[in-house]
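Chemist: Below is the file my_file-v7.pdb, with PDB, C-alpha atoms.
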ATOM      1  CA  MET A   1      85.108 122.176  29.419
ATOM      2  CA  GLY A   2      81.513 121.683  30.125
ATOM      3  CA  THR A   3      82.270 119.273  32.858
ATOM      4  CA  ARG A   4      84.934 121.332  34.630
ATOM      5  CA  PRO A   5      82.707 123.538  36.707
ATOM      6  CA  ARG A   6      80.848 120.486  37.841
ATOM      7  CA  ILE A   7      84.052 118.765  38.958
ATOM      8  CA  MET A   8      85.252 121.915  40.677
ATOM      9  CA  GLY A   9      81.878 122.243  42.190
ATOM     10  CA  GLN A  10      82.087 118.708  43.458
ATOM     11  CA  ALA A  11      85.601 119.308  44.709
ATOM     12  CA  LEU A  12      84.563 122.457  46.517
ATOM     13  CA  ARG A  13      81.603 120.748  48.021
ATOM     14  CA  GLY A  14      83.916 117.867  48.950
ATOM     15  CA  ASP A  15      86.488 120.161  50.545
ATOM     16  CA  ALA A  16      83.803 121.929  52.489
ATOM     17  CA  ALA A  17      82.399 118.627  53.596
ATOM     18  CA  ILE A  18      85.843 117.341  54.566
ATOM     19  CA  ALA A  19      86.606 120.612  56.379
ATOM     20  CA  GLY A  20      83.320 120.324  58.203
ATOM     21  CA  GLN A  21      83.940 116.708  59.038
ATOM     22  CA  TYR A  22      87.493 117.532  60.115
ATOM     23  CA  GLY A  23      86.255 120.131  62.575
ATOM     24  CA  THR A  24      83.722 117.675  63.889
ATOM     25  CA  TYR A  25      86.439 115.027  63.986
ATOM     26  CA  LEU A  26      88.676 117.249  66.104
ATOM     27  CA  GLN A  27      85.805 117.880  68.477
ATOM     28  CA  PHE A  28      85.134 114.161  68.519
ATOM     29  CA  ILE A  29      88.763 113.341  69.310
ATOM     30  CA  LYS A  30      88.860 116.037  71.976
ATOM     31  CA  GLY A  31      85.665 114.682  73.426
ATOM     32  CA  LEU A  32      87.032 111.154  73.284
ATOM     33  CA  MET A  33      90.197 112.213  75.078
ATOM     34  CA  MET A  34      88.196 114.025  77.730
ATOM     35  CA  SER A  35      85.761 111.198  78.192
ATOM     36  CA  SER A  36      88.609 108.720  78.161
ATOM     37  CA  THR A  37      90.316 110.527  81.034
ATOM     38  CA  PHE A  38      87.012 110.911  82.853
ATOM     39  CA  ASP A  39      86.176 107.243  82.285
ATOM     40  CA  ARG A  40      89.525 106.162  83.664
ATOM     41  CA  VAL A  41      89.155 108.454  86.684
ATOM     42  CA  ALA A  42      85.588 107.287  87.288
ATOM     43  CA  THR A  43      86.698 103.661  87.113
ATOM     44  CA  ILE A  44      89.537 104.347  89.543
ATOM     45  CA  ILE A  45      87.118 106.029  91.975
ATOM     46  CA  ALA A  46      84.563 103.248  91.634
ATOM     47  CA  GLU A  47      87.146 100.549  92.306
ATOM     48  CA  THR A  48      89.057 102.407  95.017
ATOM     49  CA  CYS A  49      86.091 103.665  97.014
ATOM     50  CA  ASP A  50      83.522 100.969  96.187
ATOM     51  CA  ILE A  51      81.145 103.513  94.652
ATOM     52  CA  PRO A  52      78.785 102.249  91.903
ATOM     53  CA  ARG A  53      80.301 103.355  88.583
ATOM     54  CA  ASP A  54      76.949 104.507  87.182
ATOM     55  CA  THR A  55      76.531 107.056  89.981
ATOM     56  CA  ILE A  56      79.766 108.816  89.007
ATOM     57  CA  THR A  57      79.288 111.548  86.383
ATOM     58  CA  PRO A  58      81.497 114.315  84.963
ATOM     59  CA  GLU A  59      79.510 116.730  87.127
ATOM     60  CA  SER A  60      80.125 114.765  90.334
ATOM     61  CA  HIS A  61      82.074 116.564  93.041
ATOM     62  CA  ALA A  62      84.431 113.986  94.547
ATOM     63  CA  ILE A  63      84.006 115.344  98.063
ATOM     64  CA  ASP A  64      80.535 116.892  98.163
ATOM     65  CA  ASP A  65      78.678 114.420  95.916
ATOM     66  CA  LEU A  66      80.635 111.195  96.229
ATOM     67  CA  GLY A  67      81.606 111.662  99.891
ATOM     68  CA  ILE A  68      85.246 110.786  99.343
ATOM     69  CA  ASP A  69      87.351 111.829 102.335
ATOM     70  CA  SER A  70      90.954 112.973 102.256
ATOM     71  CA  LEU A  71      92.395 109.561 103.122
ATOM     72  CA  ASP A  72      90.421 107.797 100.411
ATOM     73  CA  PHE A  73      91.442 110.547  98.034
ATOM     74  CA  LEU A  74      95.096 109.627  98.688
ATOM     75  CA  ASP A  75      94.342 106.169  97.277
ATOM     76  CA  ILE A  76      92.684 107.786  94.267
ATOM     77  CA  ALA A  77      95.597 110.184  93.814
ATOM     78  CA  PHE A  78      98.042 107.280  93.946
ATOM     79  CA  ALA A  79      96.038 105.341  91.344
ATOM     80  CA  ILE A  80      95.789 108.436  89.099
ATOM     81  CA  ASP A  81      99.502 109.242  89.506
ATOM     82  CA  LYS A  82     100.304 105.671  88.518
ATOM     83  CA  ALA A  83      97.786 105.384  85.668
ATOM     84  CA  PHE A  84      98.726 108.684  83.995
ATOM     85  CA  GLY A  85     102.400 108.889  84.967
ATOM     86  CA  ILE A  86     101.913 112.251  86.671
ATOM     87  CA  LYS A  87     101.989 113.712  90.165
ATOM     88  CA  LEU A  88      98.719 115.411  91.082
ATOM     89  CA  PRO A  89      99.799 118.610  92.873
ATOM     90  CA  LEU A  90      97.447 118.052  95.803
ATOM     91  CA  GLU A  91      99.388 120.263  98.191
ATOM     92  CA  LYS A  92      99.370 123.191  95.735
ATOM     93  CA  TRP A  93      95.651 122.765  95.092
ATOM     94  CA  THR A  94      94.892 122.539  98.804
ATOM     95  CA  GLN A  95      96.910 125.683  99.443
ATOM     96  CA  GLU A  96      95.091 127.538  96.668
ATOM     97  CA  VAL A  97      91.709 126.525  98.075
ATOM     98  CA  ASN A  98      92.760 127.453 101.618
ATOM     99  CA  ASP A  99      94.021 130.833 100.386
ATOM    100  CA  GLY A 100      90.746 131.480  98.558
ATOM    101  CA  LYS A 101      92.543 131.550  95.187
ATOM    102  CA  ALA A 102      90.628 128.540  93.873
ATOM    103  CA  THR A 103      87.478 126.616  94.639
ATOM    104  CA  THR A 104      87.237 122.906  95.321
ATOM    105  CA  GLU A 105      85.020 122.691  92.208
ATOM    106  CA  GLN A 106      88.006 123.571  90.013
ATOM    107  CA  TYR A 107      89.869 120.488  91.162
ATOM    108  CA  PHE A 108      87.335 118.034  92.506
ATOM    109  CA  VAL A 109      84.419 118.168  90.069
ATOM    110  CA  LEU A 110      85.418 115.202  87.931
ATOM    111  CA  LYS A 111      85.239 116.879  84.519
ATOM    112  CA  ASN A 112      87.548 119.572  85.906
ATOM    113  CA  LEU A 113      89.809 117.028  87.559
ATOM    114  CA  SER A 114      89.981 115.193  84.210
ATOM    115  CA  ALA A 115      90.930 118.441  82.455
ATOM    116  CA  ARG A 116      93.658 119.091  85.050
ATOM    117  CA  ILE A 117      94.966 115.558  84.471
ATOM    118  CA  ASP A 118      95.017 116.165  80.709
ATOM    119  CA  GLU A 119      96.998 119.366  81.311
ATOM    120  CA  LEU A 120      99.500 117.552  83.516
ATOM    121  CA  VAL A 121      99.882 114.764  80.959
ATOM    122  CA  ALA A 122     100.357 117.329  78.163
ATOM    123  CA  ALA A 123     102.936 119.225  80.238
ATOM    124  CA  LYS A 124     104.782 115.989  80.934
ATOM    125  CA  ASP A 125     104.826 115.033  77.253
ATOM    126  CA  ALA A 126     105.828 118.535  76.057
TER     127      ALA A 126
ATOM    128  CA  MET B   1     113.686  98.938 121.455
ATOM    129  CA  ASP B   2     111.989 100.997 124.163
ATOM    130  CA  LEU B   3     108.414  99.785 124.152
ATOM    131  CA  ALA B   4     107.282 102.116 126.939
ATOM    132  CA  TYR B   5     108.199 105.137 124.805
ATOM    133  CA  PHE B   6     107.163 103.505 121.536
ATOM    134  CA  GLN B   7     110.697 103.892 120.236
ATOM    135  CA  LEU B   8     111.077 100.692 118.310
ATOM    136  CA  ILE B   9     114.131 101.356 116.143
ATOM    137  CA  ASP B  10     117.593 100.853 117.671
ATOM    138  CA  ARG B  11     119.929 101.759 114.839
ATOM    139  CA  ILE B  12     120.057 102.519 111.153
ATOM    140  CA  THR B  13     122.379 100.039 109.468
ATOM    141  CA  ASP B  14     121.982 101.317 105.924
ATOM    142  CA  LEU B  15     120.409 104.393 104.381
ATOM    143  CA  ASN B  16     120.663 104.754 100.619
ATOM    144  CA  ILE B  17     119.251 108.099  99.473
ATOM    145  CA  GLY B  18     119.860 107.300  95.794
ATOM    146  CA  GLU B  19     118.085 103.962  95.914
ATOM    147  CA  LYS B  20     115.570 105.309  98.445
ATOM    148  CA  THR B  21     115.992 102.378 100.806
ATOM    149  CA  ILE B  22     116.714 101.959 104.487
ATOM    150  CA  ALA B  23     117.650  99.070 106.767
ATOM    151  CA  VAL B  24     117.515  99.179 110.551
ATOM    152  CA  GLU B  25     117.928  96.862 113.515
ATOM    153  CA  ALA B  26     115.531  96.536 116.407
ATOM    154  CA  GLN B  27     116.122  94.316 119.391
ATOM    155  CA  VAL B  28     112.938  92.895 120.889
ATOM    156  CA  PRO B  29     113.406  92.986 124.689
ATOM    157  CA  GLN B  30     113.573  89.722 126.577
ATOM    158  CA  GLN B  31     111.320  91.049 129.319
ATOM    159  CA  ASN B  32     108.412  93.483 129.099
ATOM    160  CA  THR B  33     105.013  93.855 130.723
ATOM    161  CA  ILE B  34     103.470  93.589 127.248
ATOM    162  CA  PHE B  35     104.558  89.976 127.103
ATOM    163  CA  GLU B  36     102.835  89.256 130.395
ATOM    164  CA  GLY B  37      99.522  89.940 128.710
ATOM    165  CA  HIS B  38     100.338  89.042 125.122
ATOM    166  CA  PHE B  39     100.123  86.202 125.945
ATOM    167  CA  PRO B  40     100.312  84.724 129.463
ATOM    168  CA  GLY B  41     102.653  81.767 129.210
ATOM    169  CA  TYR B  42     103.192  82.339 125.476
ATOM    170  CA  PRO B  43     104.880  85.732 124.895
ATOM    171  CA  LEU B  44     104.618  87.139 121.375
ATOM    172  CA  MET B  45     105.561  90.502 119.901
ATOM    173  CA  PRO B  46     102.162  92.069 119.028
ATOM    174  CA  GLY B  47     101.489  92.434 115.329
ATOM    175  CA  VAL B  48     100.516  96.081 115.737
ATOM    176  CA  LEU B  49     103.966  96.794 117.157
ATOM    177  CA  LEU B  50     105.600  95.009 114.236
ATOM    178  CA  ILE B  51     103.551  97.215 111.923
ATOM    179  CA  GLU B  52     104.631 100.245 113.961
ATOM    180  CA  SER B  53     108.254  99.162 113.642
ATOM    181  CA  MET B  54     107.856  99.026 109.855
ATOM    182  CA  ALA B  55     106.140 102.423 109.902
ATOM    183  CA  GLN B  56     108.958 103.966 111.982
ATOM    184  CA  THR B  57     111.560 102.479 109.647
ATOM    185  CA  SER B  58     109.714 103.884 106.637
ATOM    186  CA  GLY B  59     109.348 107.187 108.467
ATOM    187  CA  TRP B  60     113.089 107.619 108.925
ATOM    188  CA  LEU B  61     113.611 106.895 105.239
ATOM    189  CA  LEU B  62     111.047 109.544 104.299
ATOM    190  CA  ILE B  63     112.512 112.084 106.724
ATOM    191  CA  ALA B  64     115.910 111.509 105.128
ATOM    192  CA  LEU B  65     114.508 111.927 101.597
ATOM    193  CA  MET B  66     112.822 115.160 102.697
ATOM    194  CA  LYS B  67     116.101 116.374 104.237
ATOM    195  CA  PHE B  68     114.534 116.610 107.686
ATOM    196  CA  GLU B  69     112.300 119.443 106.552
ATOM    197  CA  ARG B  70     108.977 117.661 106.928
ATOM    198  CA  MET B  71     107.584 114.693 108.776
ATOM    199  CA  PRO B  72     105.517 111.681 107.732
ATOM    200  CA  PHE B  73     102.491 110.617 109.757
ATOM    201  CA  LEU B  74     100.979 107.156 109.490
ATOM    202  CA  ALA B  75      97.826 107.265 107.347
ATOM    203  CA  ALA B  76      97.064 103.754 106.123
ATOM    204  CA  VAL B  77      98.359 100.203 106.344
ATOM    205  CA  LYS B  78      97.666  97.762 103.553
ATOM    206  CA  GLU B  79      98.592  94.206 102.867
ATOM    207  CA  ALA B  80     100.063  93.769 106.318
ATOM    208  CA  LYS B  81     100.988  90.135 106.750
ATOM    209  CA  MET B  82     102.167  88.592 109.989
ATOM    210  CA  ARG B  83     103.792  85.498 108.581
ATOM    211  CA  THR B  84     105.589  83.988 111.528
ATOM    212  CA  PHE B  85     105.592  84.801 115.266
ATOM    213  CA  VAL B  86     108.192  87.167 116.674
ATOM    214  CA  THR B  87     109.229  86.313 120.218
ATOM    215  CA  PRO B  88     111.092  88.122 123.059
ATOM    216  CA  GLY B  89     114.831  88.575 122.548
ATOM    217  CA  GLU B  90     114.854  88.360 118.760
ATOM    218  CA  LEU B  91     116.842  90.822 116.658
ATOM    219  CA  LEU B  92     114.705  92.305 113.898
ATOM    220  CA  ASN B  93     116.139  93.488 110.593
ATOM    221  CA  ILE B  94     113.653  95.907 109.106
ATOM    222  CA  GLU B  95     113.891  97.239 105.569
ATOM    223  CA  ALA B  96     111.788  99.800 103.752
ATOM    224  CA  SER B  97     111.662 101.204 100.250
ATOM    225  CA  ILE B  98     109.590 103.780  98.417
ATOM    226  CA  VAL B  99     106.615 102.707  96.316
ATOM    227  CA  HIS B 100     105.465 106.215  95.440
ATOM    228  CA  GLU B 101     106.214 109.792  96.419
ATOM    229  CA  GLY B 102     103.069 111.838  95.861
ATOM    230  CA  SER B 103     102.219 115.425  96.652
ATOM    231  CA  GLY B 104     101.718 115.487 100.419
ATOM    232  CA  TYR B 105     101.783 111.740 100.789
ATOM    233  CA  ALA B 106     104.073 108.767 100.239
ATOM    234  CA  ILE B 107     103.723 105.001 100.091
ATOM    235  CA  THR B 108     106.359 102.537 101.252
ATOM    236  CA  GLN B 109     106.890  98.823 101.363
ATOM    237  CA  ALA B 110     108.500  97.414 104.473
ATOM    238  CA  LYS B 111     109.451  94.030 105.806
ATOM    239  CA  VAL B 112     110.747  92.507 109.017
ATOM    240  CA  SER B 113     113.213  89.642 108.895
ATOM    241  CA  VAL B 114     114.941  87.626 111.598
ATOM    242  CA  GLY B 115     118.113  85.783 110.637
ATOM    243  CA  GLY B 116     117.365  86.430 106.962
ATOM    244  CA  LYS B 117     113.879  84.949 107.122
ATOM    245  CA  LEU B 118     110.840  87.086 106.400
ATOM    246  CA  ARG B 119     108.490  87.453 109.388
ATOM    247  CA  CYS B 120     106.099  90.171 108.251
ATOM    248  CA  ASN B 121     105.604  92.847 105.623
ATOM    249  CA  ALA B 122     103.253  95.696 104.788
ATOM    250  CA  THR B 123     102.483  98.484 102.370
ATOM    251  CA  ILE B 124     102.171 101.727 104.288
ATOM    252  CA  THR B 125     100.790 105.155 103.360
ATOM    253  CA  PHE B 126     101.933 108.346 105.058
ATOM    254  CA  GLY B 127     100.615 111.867 105.001
ATOM    255  CA  ILE B 128     103.461 114.383 104.838
ATOM    256  CA  ALA B 129     103.300 117.558 106.899
ATOM    257  CA  SER B 130     105.527 120.227 108.386
ATOM    258  CA  PHE B 131     106.872 119.525 111.845
ATOM    259  CA  PRO B 132     103.981 120.756 114.021
ATOM    260  CA  ASN B 133     106.302 122.464 116.483
ATOM    261  CA  ALA B 134     109.945 123.023 117.337
ATOM    262  CA  ASP B 135     109.754 120.655 120.318
ATOM    263  CA  LEU B 136     108.867 117.688 118.157
ATOM    264  CA  ARG B 137     111.507 118.552 115.585
ATOM    265  CA  GLY B 138     114.083 118.823 118.389
ATOM    266  CA  HIS B 139     112.964 115.489 119.781
ATOM    267  CA  MET B 140     113.235 113.884 116.361
ATOM    268  CA  GLU B 141     116.763 115.243 115.959
ATOM    269  CA  VAL B 142     117.767 113.701 119.288
ATOM    270  CA  MET B 143     116.185 110.431 118.202
ATOM    271  CA  ALA B 144     117.965 110.661 114.865
ATOM    272  CA  LYS B 145     121.369 110.989 116.543
ATOM    273  CA  ARG B 146     120.578 108.074 118.839
ATOM    274  CA  ILE B 147     119.804 105.693 115.980
ATOM    275  CA  GLY B 148     122.676 106.793 113.741
ATOM    276  CA  PHE B 149     120.769 108.919 111.256
ATOM    277  CA  PRO B 150     123.313 110.612 108.932
ATOM    278  CA  GLN B 151     123.970 113.962 110.572
ATOM    279  CA  GLN B 152     124.755 115.711 107.295
ATOM    280  CA  VAL B 153     121.113 115.199 106.294
ATOM    281  CA  ILE B 154     120.014 117.134 109.400
ATOM    282  CA  ALA B 155     122.719 119.772 109.012
ATOM    283  CA  HIS B 156     121.663 120.463 105.442
ATOM    284  CA  GLY B 157     117.964 120.217 106.219
TER     285      GLY B 157
END
How does the structure come out when it is put into structure tokens?
Modeler:
Amino acid sequence: MGTRPRIMGQALRGDAAIAGQYGTYLQFIKGLMMSSTFDRVATIIAETCDIPRDTITPESHAIDDLGIDSLDFLDIAFAIDKAFGIKLPLEKWTQEVNDGKATTEQYFVLKNLSARIDELVAAKDA
Amino acid sequence: MDLAYFQLIDRITDLNIGEKTIAVEAQVPQQNTIFEGHFPGYPLMPGVLLIESMAQTSGWLLIALMKFERMPFLAAVKEAKMRTFVTPGELLNIEASIVHEGSGYAITQAKVSVGGKLRCNATITFGIASFPNADLRGHMEVMAKRIGFPQQVIAHG
């Protein structure tokens, strides 16, 4: 009997630790997924547009920072469509930007573009 | 083939909407001022015109797939290979198929053959846009009838 509280105590501490680790693990996985998408997009941009990979960051704006024009972006869109099995809704995004309903940052800052890709992949797999 | 008007396609011989493929014929004229300069004493169909013929073939396929509601415009040419000379009087068989249909753009593969032998091929990117005006759409409809474009595609467009 004397040992029981200790075991429970250990178990509770263990559960708390596991719960804490689990939360961290989820964040880690989420981060990995995000960075994985970003890494793939950055690699595509680097290879398609001959831009040094180390200059491409999640905060980079494809147009304003990386200087990618609309024709080069078609190559990127094709590579992304192919790599992720999706169809980037470029026309819808362009319309939203032209109508003032969205900013280019929402779609062309790479961390945001990566998040949009993740959403499209999730919608496809749903 | 009417080189002066840049109308390079004579007739559609096969258009398969399901398979997303097209085949056309284009007769290279025996005589044309182009051949007097390209080249004197050695007339050859210019490579850029062969690329244009592949682009026009691809374009008709895309117009058909979009039910004549929108129009493709040439945006990029990749992997264009001029494998063997094309000379005056030859009958070109041009085929195109879809590589990718994106949002606002499309990519095709096209090839030109003569007598079953491959002469040139290319991968071509198009931007897709609305017909810029009614005149152009009307002109394209006239062109479509001339080359045997399936009229039901226009009617239902």
Chemist: Would you compute the distance between CA of Met54 in chain B and CA of Ile68 in chain A? Give it in Å to one decimal.
Modeler: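 A separation of 27.6 Å between them.
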Chemist: Write out as a list in words which residues come within 9 Å of Gly85 in chain A when counting all atoms listed in the file, dropping same-chain ones fewer than 3 positions away.
Modeler: Ile80, Asp81, Lys82, Val121 and Lys124 of chain A
Chemist: Chain B near chain A within 8 Å: what's each residue's closest atom pair and its distance in Å to one decimal, counting only C-alpha atoms, ordered by chain then ascending residue number, as a tab-separated table?
Modeler:
residue	atom	partner	partner_atom	distance
B:Ala75	CA	A:Leu71	CA	7.3
B:His100	CA	A:Phe78	CA	7.6
B:Gly102	CA	A:Lys87	CA	6.1
B:Ser103	CA	A:Pro89	CA	5.5
B:Gly104	CA	A:Glu91	CA	5.8
B:Tyr105	CA	A:Leu74	CA	7.3
Chemist: Find the distance between CA of Ile9 in chain B and CA of Ile94 in chain B and write it in Å to one decimal.
Modeler: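 Here the two named atoms are 8.9 Å from each other.
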Chemist: Step by step, work through what the PyMOL selection byres ((chain B and resi 38-48) around 9) selects in the shown file, and finish by giving those residues as a PyMOL selection string.
Modeler: chain B and resi 28+33-37+49-53+81-82+85-88+120
Chemist: Which neighbours of range 135-148 of chain B fall inside 6 Å, counting all atoms listed in the file, when residues of the same chain fewer than 4 positions from it are skipped, and could you give them as JSON, numbers by chain?
Modeler: {"B": [10, 11, 12]}
Chemist: Quick one, how far is CA of Gln106 in chain A from CA of Ser130 in chain B?
Modeler: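 These two atoms are separated by 25.6 Å.
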Chemist: Mind telling me what the PyMOL selection byres ((chain A and resi 65) around 12) catches here, as a ChimeraX atom specification?
Modeler: /A:51,55-64,66-69,105,108-110
Chemist: Filtering to C-alpha atoms, could you give me those residues as a short mmCIF file (atom, residue, chain, number, x, y, z; two decimals), in the coordinates of the input?
Modeler:
data_model
loop_
_atom_site.label_atom_id
_atom_site.label_comp_id
_atom_site.auth_asym_id
_atom_site.auth_seq_id
_atom_site.Cartn_x
_atom_site.Cartn_y
_atom_site.Cartn_z
CA ILE A 51 81.14 103.51 94.65
CA THR A 55 76.53 107.06 89.98
CA ILE A 56 79.77 108.82 89.01
CA THR A 57 79.29 111.55 86.38
CA PRO A 58 81.50 114.32 84.96
CA GLU A 59 79.51 116.73 87.13
CA SER A 60 80.12 114.76 90.33
CA HIS A 61 82.07 116.56 93.04
CA ALA A 62 84.43 113.99 94.55
CA ILE A 63 84.01 115.34 98.06
CA ASP A 64 80.54 116.89 98.16
CA LEU A 66 80.64 111.20 96.23
CA GLY A 67 81.61 111.66 99.89
CA ILE A 68 85.25 110.79 99.34
CA ASP A 69 87.35 111.83 102.34
CA GLU A 105 85.02 122.69 92.21
CA PHE A 108 87.34 118.03 92.51
CA VAL A 109 84.42 118.17 90.07
CA LEU A 110 85.42 115.20 87.93
#
Chemist: I need every residue sitting at most 9 Å from the point (105.1, 94.7, 106.3) (coordinates as in the file, only C-alpha atoms considered), written as a list in words.
Modeler: Leu50, Ile51, Met54, Ala55, Val77, Lys78, Glu79, Ala80, Lys81, Met82, Ala96, Gln109, Ala110, Lys111, Val112, Arg119, Cys120, Asn121, Ala122, Thr123 and Ile124 of chain B
Chemist: Looking at only C-alpha atoms, which of A:Ile117, A:Val97, A:Ala83, A:Ile76 is the one that sits closest to Ile45 in chain A?
Modeler: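 Once distances to Ile45 in chain A are computed over only C-alpha atoms, the minimum belongs to A:Ile76.
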Chemist: Give as an mmCIF file with C-alpha atoms, in the coordinates of the input every residue, naming chains and numbers as the document does, that has an atom within 8 Å of (91.5, 113.7, 84.4), counting all atoms listed in the file.
Modeler:
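Result file follows (point38.cif):
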data_model
loop_
_atom_site.group_PDB
_atom_site.id
_atom_site.type_symbol
_atom_site.label_atom_id
_atom_site.label_comp_id
_atom_site.auth_asym_id
_atom_site.auth_seq_id
_atom_site.Cartn_x
_atom_site.Cartn_y
_atom_site.Cartn_z
ATOM 1 C CA MET A 34 88.196 114.025 77.730
ATOM 2 C CA THR A 37 90.316 110.527 81.034
ATOM 3 C CA PHE A 38 87.012 110.911 82.853
ATOM 4 C CA ARG A 40 89.525 106.162 83.664
ATOM 5 C CA VAL A 41 89.155 108.454 86.684
ATOM 6 C CA LEU A 110 85.418 115.202 87.931
ATOM 7 C CA LYS A 111 85.239 116.879 84.519
ATOM 8 C CA ASN A 112 87.548 119.572 85.906
ATOM 9 C CA LEU A 113 89.809 117.028 87.559
ATOM 10 C CA SER A 114 89.981 115.193 84.210
ATOM 11 C CA ALA A 115 90.930 118.441 82.455
ATOM 12 C CA ARG A 116 93.658 119.091 85.050
ATOM 13 C CA ILE A 117 94.966 115.558 84.471
ATOM 14 C CA ASP A 118 95.017 116.165 80.709
#
Chemist: Take range 129-135 of chain B, bring it up to all heavy atoms, and give me the output as a short mmCIF file (atom, residue, chain, number, x, y, z; two decimals), in the frame of the given file.
Modeler:
data_model
loop_
_atom_site.label_atom_id
_atom_site.label_comp_id
_atom_site.auth_asym_id
_atom_site.auth_seq_id
_atom_site.Cartn_x
_atom_site.Cartn_y
_atom_site.Cartn_z
N ALA B 129 103.64 116.22 106.39
CA ALA B 129 103.30 117.56 106.90
C ALA B 129 104.54 118.22 107.48
O ALA B 129 105.55 117.56 107.74
CB ALA B 129 102.21 117.45 107.97
N SER B 130 104.44 119.51 107.71
CA SER B 130 105.53 120.23 108.39
C SER B 130 105.61 119.72 109.82
O SER B 130 104.60 119.24 110.37
CB SER B 130 105.25 121.73 108.39
OG SER B 130 105.12 122.20 107.08
N PHE B 131 106.78 119.84 110.43
CA PHE B 131 106.87 119.52 111.84
C PHE B 131 105.90 120.45 112.57
O PHE B 131 105.94 121.67 112.36
CB PHE B 131 108.30 119.74 112.35
CG PHE B 131 109.25 118.65 111.96
CD1 PHE B 131 110.05 118.78 110.82
CD2 PHE B 131 109.33 117.49 112.70
CE1 PHE B 131 110.92 117.77 110.45
CE2 PHE B 131 110.20 116.46 112.33
CZ PHE B 131 111.00 116.60 111.20
N PRO B 132 105.01 119.90 113.41
CA PRO B 132 103.98 120.76 114.02
C PRO B 132 104.53 121.77 115.00
O PRO B 132 103.91 122.81 115.23
CB PRO B 132 103.06 119.75 114.72
CG PRO B 132 103.84 118.49 114.83
CD PRO B 132 104.83 118.48 113.73
N ASN B 133 105.69 121.48 115.59
CA ASN B 133 106.30 122.46 116.48
C ASN B 133 107.79 122.16 116.63
O ASN B 133 108.27 121.09 116.25
CB ASN B 133 105.60 122.49 117.85
CG ASN B 133 105.60 121.11 118.52
OD1 ASN B 133 106.64 120.49 118.66
ND2 ASN B 133 104.42 120.65 118.93
N ALA B 134 108.49 123.14 117.20
CA ALA B 134 109.94 123.02 117.34
C ALA B 134 110.32 121.91 118.31
O ALA B 134 111.36 121.26 118.16
CB ALA B 134 110.52 124.36 117.79
N ASP B 135 109.46 121.70 119.33
CA ASP B 135 109.75 120.66 120.32
C ASP B 135 109.85 119.30 119.66
O ASP B 135 110.78 118.53 119.92
CB ASP B 135 108.64 120.60 121.39
CG ASP B 135 108.81 121.69 122.43
OD1 ASP B 135 109.86 122.38 122.39
OD2 ASP B 135 107.90 121.86 123.24
#
